[in-house]
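Chemist: Have a look at this one before I ask anything.
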Amino acid sequence: MITQTSIRAGTMTPDQHLSPEDSDDNSTDHYFSASPASASRPLSYTLRTVKGKMTVTTDTGTFSHGHLDKGTKVLLDQLLTGTPDLPAGPLLDIGCGAGPIAMALAARFPDRTIYAVDVNERALQLCRTNAEANGLHNIVIALPDDVPSDIVFAGIWSNPPIRGGKEMLHAILKLWLGRMAPTGYARLIVHKNLGSDSLQKWLISCGLTCDRVSSRSGFRLLHVTRPTEAG
């Protein structure tokens with residue numbers, strides 16, 4: 001049985017190294033750490049949203065320190081040009097880090113509640129601070145276990161933790177995609193060299209519909225829905 005607590009206990013094996021753009025200053029820390037020990041070194045960058053430019057402050061021990069990673073940029077560029085219709089309900093950012101996806105969603109959908117979840121306490125505090133600093137009041141920042149179990153999400157966005165290994169990744173996606181509204185959808189960004197095609201096949205094997213809607217800079221944007229019932 002998959003639980004949120006078991007996901008939080010996920011670890012990386014020695015061969016699952018972070019790429020340079022995902023690493024931080026302390027080799028004993030990674031963005032799966034619940035409480036990073038690396039010394040704080042805040043760095044900020046500018047995020048484009050439908051409400052204009054916003055400032056994202058990052059720190060060591062969290063994903064993509066000091067810049068917007070390429071995969072998330074590809075994912076968020078779609079929000080600037082439009083997105084498929086969604087049913088009513090809240091939205092979810094899986095693995096929010098410092099909050100760029102949650103912030104972009106909050107700007108794009110100001111009348112919806114955006115849940116931003118992560119296991120990294122430093123990341124959650126950054127996301128909270130960034131939301132407040134940019135006047136975004138519709139984001140709920142939480143550990144996975146703190147999200148009420150009866151909430152169903154109209155839409156899910158994520159640059160998922162591929163480098164945590166397949167077991168961890170599959171457990172996370174099974175948990176949260178299982179809480180996707182019947183007519184909702186998820187959008188996942190995955191690099192082709194990190195298994196986007198195999199992930200697409202796995203999602204289909206789980207009974208979901210998964211289409212590749214774009215490919216840019218080596219990143220595949222996957223659109224995940226529940227199959228439409230015949231008749």
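Chain labels A, B, ... are given in the sequence in which chains occur in the structure tokens; within each chain residues are numbered consecutively from 1, and ligands are likewise numbered from 1 in the order shown.
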Check the DSSP output for the backbone and give back, as a VMD selection string, the residues of stretch 96-202 of chain A in helix (DSSP H, G or I).
Modeler: chain A and resid 100 to 108 121 to 133 144 to 146 162 to 164 166 to 177 192 to 194 196 to 202
Chemist: How would the residues just chosen look if you wrote them out with N, CA and C atoms as a short mmCIF file (atom, residue, chain, number, x, y, z; two decimals), in the first residue's frame?
Modeler:
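Result file part.cif:
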```cif
data_model
loop_
_atom_site.label_atom_id
_atom_site.label_comp_id
_atom_site.auth_asym_id
_atom_site.auth_seq_id
_atom_site.Cartn_x
_atom_site.Cartn_y
_atom_site.Cartn_z
N PRO A 100 8.16 28.04 -8.11
CA PRO A 100 7.86 28.66 -9.41
C PRO A 100 6.59 28.14 -10.07
N ILE A 101 6.35 26.83 -10.01
CA ILE A 101 5.14 26.29 -10.64
C ILE A 101 3.90 26.75 -9.90
N ALA A 102 3.91 26.64 -8.58
CA ALA A 102 2.76 27.07 -7.79
C ALA A 102 2.48 28.55 -8.01
N MET A 103 3.51 29.37 -8.08
CA MET A 103 3.35 30.81 -8.29
C MET A 103 2.74 31.09 -9.66
N ALA A 104 3.24 30.41 -10.69
CA ALA A 104 2.71 30.61 -12.04
C ALA A 104 1.26 30.18 -12.12
N LEU A 105 0.91 29.08 -11.45
CA LEU A 105 -0.47 28.61 -11.43
C LEU A 105 -1.36 29.59 -10.67
N ALA A 106 -0.88 30.10 -9.55
CA ALA A 106 -1.66 31.05 -8.76
C ALA A 106 -1.94 32.32 -9.54
N ALA A 107 -0.99 32.76 -10.34
CA ALA A 107 -1.19 33.94 -11.19
C ALA A 107 -2.16 33.65 -12.32
N ARG A 108 -2.04 32.46 -12.90
CA ARG A 108 -2.89 32.09 -14.04
C ARG A 108 -4.32 31.79 -13.61
N GLU A 121 11.61 20.86 4.06
CA GLU A 121 11.11 21.96 4.89
C GLU A 121 11.66 23.31 4.44
N ARG A 122 12.91 23.35 4.00
CA ARG A 122 13.48 24.61 3.53
C ARG A 122 12.78 25.08 2.27
N ALA A 123 12.48 24.13 1.38
CA ALA A 123 11.75 24.47 0.16
C ALA A 123 10.36 25.01 0.48
N LEU A 124 9.67 24.39 1.43
CA LEU A 124 8.34 24.85 1.79
C LEU A 124 8.36 26.27 2.35
N GLN A 125 9.37 26.57 3.15
CA GLN A 125 9.47 27.93 3.70
C GLN A 125 9.77 28.93 2.59
N LEU A 126 10.63 28.56 1.65
CA LEU A 126 10.91 29.44 0.51
C LEU A 126 9.64 29.69 -0.31
N CYS A 127 8.90 28.62 -0.56
CA CYS A 127 7.66 28.75 -1.33
C CYS A 127 6.69 29.67 -0.61
N ARG A 128 6.58 29.51 0.69
CA ARG A 128 5.69 30.35 1.50
C ARG A 128 6.12 31.83 1.42
N THR A 129 7.41 32.07 1.59
CA THR A 129 7.94 33.44 1.55
C THR A 129 7.77 34.06 0.17
N ASN A 130 8.03 33.28 -0.87
CA ASN A 130 7.90 33.79 -2.23
C ASN A 130 6.45 34.13 -2.59
N ALA A 131 5.53 33.29 -2.15
CA ALA A 131 4.11 33.56 -2.42
C ALA A 131 3.68 34.86 -1.75
N GLU A 132 4.07 35.03 -0.49
CA GLU A 132 3.70 36.25 0.24
C GLU A 132 4.35 37.48 -0.38
N ALA A 133 5.62 37.37 -0.74
CA ALA A 133 6.35 38.52 -1.28
C ALA A 133 5.78 38.99 -2.62
N PRO A 144 3.24 16.50 2.19
CA PRO A 144 2.25 15.59 1.61
C PRO A 144 1.24 15.06 2.61
N ASP A 145 1.68 14.72 3.82
CA ASP A 145 0.77 14.16 4.82
C ASP A 145 -0.25 15.17 5.33
N ASP A 146 0.01 16.45 5.11
CA ASP A 146 -0.87 17.49 5.64
C ASP A 146 -1.96 17.92 4.66
N ILE A 162 12.52 12.62 -10.96
CA ILE A 162 13.01 11.47 -11.71
C ILE A 162 14.25 10.87 -11.05
N ARG A 163 15.13 11.72 -10.54
CA ARG A 163 16.40 11.24 -10.01
C ARG A 163 16.26 10.58 -8.64
N GLY A 164 15.06 10.51 -8.12
CA GLY A 164 14.84 9.77 -6.89
C GLY A 164 14.72 8.28 -7.12
N LYS A 166 12.94 5.02 -9.85
CA LYS A 166 11.62 4.63 -10.34
C LYS A 166 10.63 4.30 -9.22
N GLU A 167 11.11 3.60 -8.20
CA GLU A 167 10.20 3.19 -7.12
C GLU A 167 9.58 4.41 -6.45
N MET A 168 10.42 5.37 -6.13
CA MET A 168 9.94 6.59 -5.49
C MET A 168 9.03 7.39 -6.43
N LEU A 169 9.47 7.54 -7.68
CA LEU A 169 8.70 8.29 -8.66
C LEU A 169 7.32 7.67 -8.87
N HIS A 170 7.28 6.36 -9.07
CA HIS A 170 6.02 5.68 -9.32
C HIS A 170 5.08 5.79 -8.12
N ALA A 171 5.64 5.70 -6.93
CA ALA A 171 4.80 5.81 -5.73
C ALA A 171 4.18 7.20 -5.63
N ILE A 172 4.97 8.23 -5.91
CA ILE A 172 4.47 9.60 -5.86
C ILE A 172 3.36 9.81 -6.88
N LEU A 173 3.60 9.36 -8.11
CA LEU A 173 2.61 9.58 -9.16
C LEU A 173 1.34 8.76 -8.93
N LYS A 174 1.48 7.53 -8.44
CA LYS A 174 0.29 6.74 -8.15
C LYS A 174 -0.57 7.41 -7.08
N LEU A 175 0.09 7.95 -6.07
CA LEU A 175 -0.64 8.61 -4.99
C LEU A 175 -1.43 9.81 -5.50
N TRP A 176 -0.74 10.73 -6.16
CA TRP A 176 -1.39 11.99 -6.52
C TRP A 176 -2.27 11.88 -7.77
N LEU A 177 -1.86 11.09 -8.76
CA LEU A 177 -2.72 10.93 -9.93
C LEU A 177 -3.99 10.17 -9.56
N LYS A 192 13.98 13.48 -22.15
CA LYS A 192 14.01 12.19 -22.85
C LYS A 192 15.14 11.31 -22.35
N ASN A 193 16.27 11.90 -21.94
CA ASN A 193 17.39 11.11 -21.46
C ASN A 193 17.19 10.61 -20.03
N LEU A 194 16.15 11.08 -19.38
CA LEU A 194 15.84 10.63 -18.01
C LEU A 194 14.60 9.75 -17.97
N SER A 196 11.59 9.79 -20.21
CA SER A 196 10.24 10.28 -20.49
C SER A 196 9.41 9.24 -21.24
N ASP A 197 10.03 8.55 -22.20
CA ASP A 197 9.27 7.59 -22.99
C ASP A 197 8.86 6.37 -22.16
N SER A 198 9.76 5.90 -21.30
CA SER A 198 9.41 4.76 -20.44
C SER A 198 8.37 5.16 -19.41
N LEU A 199 8.43 6.40 -18.93
CA LEU A 199 7.42 6.86 -17.98
C LEU A 199 6.06 6.94 -18.66
N GLN A 200 6.04 7.41 -19.88
CA GLN A 200 4.78 7.47 -20.63
C GLN A 200 4.17 6.07 -20.77
N LYS A 201 5.00 5.10 -21.10
CA LYS A 201 4.51 3.72 -21.24
C LYS A 201 4.00 3.19 -19.91
N TRP A 202 4.70 3.51 -18.82
CA TRP A 202 4.28 3.04 -17.50
C TRP A 202 2.94 3.64 -17.11
#
```
Chemist: Applying 7 Å and only C-alpha atoms, which residues near A:Cys96 remain after dropping the ones on its own chain fewer than 3 positions away? List them as an mmCIF file with N, CA and C atoms, in the first residue's frame.
Modeler:
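Result saved to around35.cif:
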```
data_model
loop_
_atom_site.group_PDB
_atom_site.id
_atom_site.type_symbol
_atom_site.label_atom_id
_atom_site.label_comp_id
_atom_site.auth_asym_id
_atom_site.auth_seq_id
_atom_site.Cartn_x
_atom_site.Cartn_y
_atom_site.Cartn_z
ATOM 1 N N ASP A 93 0.705 21.327 -7.285
ATOM 2 C CA ASP A 93 2.099 21.330 -7.723
ATOM 3 C C ASP A 93 2.830 20.286 -6.888
ATOM 4 N N GLY A 99 8.894 27.201 -5.387
ATOM 5 C CA GLY A 99 7.553 27.641 -5.736
ATOM 6 C C GLY A 99 7.277 28.174 -7.115
ATOM 7 N N ILE A 101 6.345 26.831 -10.008
ATOM 8 C CA ILE A 101 5.142 26.285 -10.640
ATOM 9 C C ILE A 101 3.898 26.748 -9.897
ATOM 10 N N ALA A 102 3.913 26.640 -8.584
ATOM 11 C CA ALA A 102 2.756 27.075 -7.791
ATOM 12 C C ALA A 102 2.479 28.553 -8.012
ATOM 13 N N ALA A 116 0.727 23.394 -2.939
ATOM 14 C CA ALA A 116 2.138 23.208 -3.247
ATOM 15 C C ALA A 116 2.720 22.262 -2.212
ATOM 16 N N VAL A 117 3.144 21.067 -2.637
ATOM 17 C CA VAL A 117 3.623 20.066 -1.685
ATOM 18 C C VAL A 117 5.091 19.737 -1.936
ATOM 19 N N ASP A 118 5.789 19.457 -0.864
ATOM 20 C CA ASP A 118 7.195 19.054 -0.936
ATOM 21 C C ASP A 118 7.538 18.378 0.385
#
```
Chemist: Output as a PyMOL selection string all residues of chain A that backbone DSSP marks as strand (DSSP E).
Modeler: chain A and resi 43-49+52-58+91-94+114-117+139-142+153-158+180-191+209-216+219-225
Chemist: Restrict the selected residues to C-alpha atoms and save them as a compact mmCIF listing (two decimals), in the first residue's frame.
Modeler:
```txt
# COMPACT_ATOMS: atom_id res chain seq x y z
CA LEU A 43 19.89 33.58 -4.59
CA SER A 44 17.00 35.03 -6.59
CA TYR A 45 15.80 34.98 -10.19
CA THR A 46 12.93 36.49 -12.17
CA LEU A 47 9.89 34.40 -13.11
CA ARG A 48 7.56 35.36 -15.96
CA THR A 49 3.85 34.89 -15.22
CA GLY A 52 4.08 39.97 -15.05
CA LYS A 53 7.50 39.33 -13.60
CA MET A 54 7.88 37.93 -10.09
CA THR A 55 10.94 37.30 -7.93
CA VAL A 56 11.74 33.77 -6.76
CA THR A 57 14.23 33.42 -3.92
CA THR A 58 16.02 30.06 -3.72
CA LEU A 91 -4.80 22.53 -8.50
CA LEU A 92 -1.64 20.77 -7.35
CA ASP A 93 2.10 21.33 -7.72
CA ILE A 94 3.98 18.12 -6.83
CA ILE A 114 -3.19 25.93 -5.47
CA TYR A 115 -1.67 23.23 -3.27
CA ALA A 116 2.14 23.21 -3.25
CA VAL A 117 3.62 20.07 -1.69
CA ILE A 139 -1.39 29.00 -2.44
CA VAL A 140 -1.53 26.38 0.33
CA ILE A 141 1.99 25.13 1.15
CA ALA A 142 2.09 21.73 2.83
CA PHE A 153 -7.51 17.93 -7.90
CA ALA A 154 -8.80 19.39 -11.15
CA GLY A 155 -5.26 19.78 -12.48
CA ILE A 156 -1.79 18.61 -11.51
CA TRP A 157 1.51 20.08 -12.68
CA SER A 158 4.95 18.72 -11.89
CA MET A 180 -7.09 13.58 -10.03
CA ALA A 181 -10.66 14.52 -10.93
CA PRO A 182 -12.33 12.23 -13.51
CA THR A 183 -12.29 14.99 -16.13
CA GLY A 184 -9.10 16.66 -14.90
CA TYR A 185 -5.57 16.29 -16.19
CA ALA A 186 -1.93 16.31 -15.19
CA ARG A 187 1.01 17.86 -17.01
CA LEU A 188 4.45 16.37 -16.36
CA ILE A 189 7.75 17.55 -17.81
CA VAL A 190 10.47 14.91 -18.21
CA HIS A 191 13.72 14.90 -20.20
CA THR A 209 -4.17 8.05 -21.05
CA CYS A 210 -0.83 9.76 -21.60
CA ASP A 211 -0.02 11.85 -24.66
CA ARG A 212 3.13 13.72 -25.55
CA VAL A 213 1.90 17.22 -26.40
CA SER A 214 5.27 18.84 -27.09
CA SER A 215 9.00 18.24 -27.18
CA ARG A 216 11.52 21.04 -26.67
CA PHE A 219 12.07 17.75 -22.62
CA ARG A 220 8.78 15.94 -23.23
CA LEU A 221 5.57 17.51 -21.97
CA LEU A 222 3.21 14.68 -21.02
CA HIS A 223 -0.55 15.22 -20.72
CA VAL A 224 -2.18 12.63 -18.45
CA THR A 225 -5.95 11.97 -18.20
```
Chemist: Record the distance separating atom CA of A:Thr113 and atom CA of A:Asp150, expressed in Å with one decimal.
Modeler: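 According to the coordinates, atom CA of A:Thr113 and atom CA of A:Asp150 are separated by 14.7 Å.
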Chemist: May I ask which of the residues A:Ala98, A:Leu80, A:Cys206, A:Val74 is the closest one to A:Gly61, counting only C-alpha atoms?
Modeler: A:Ala98
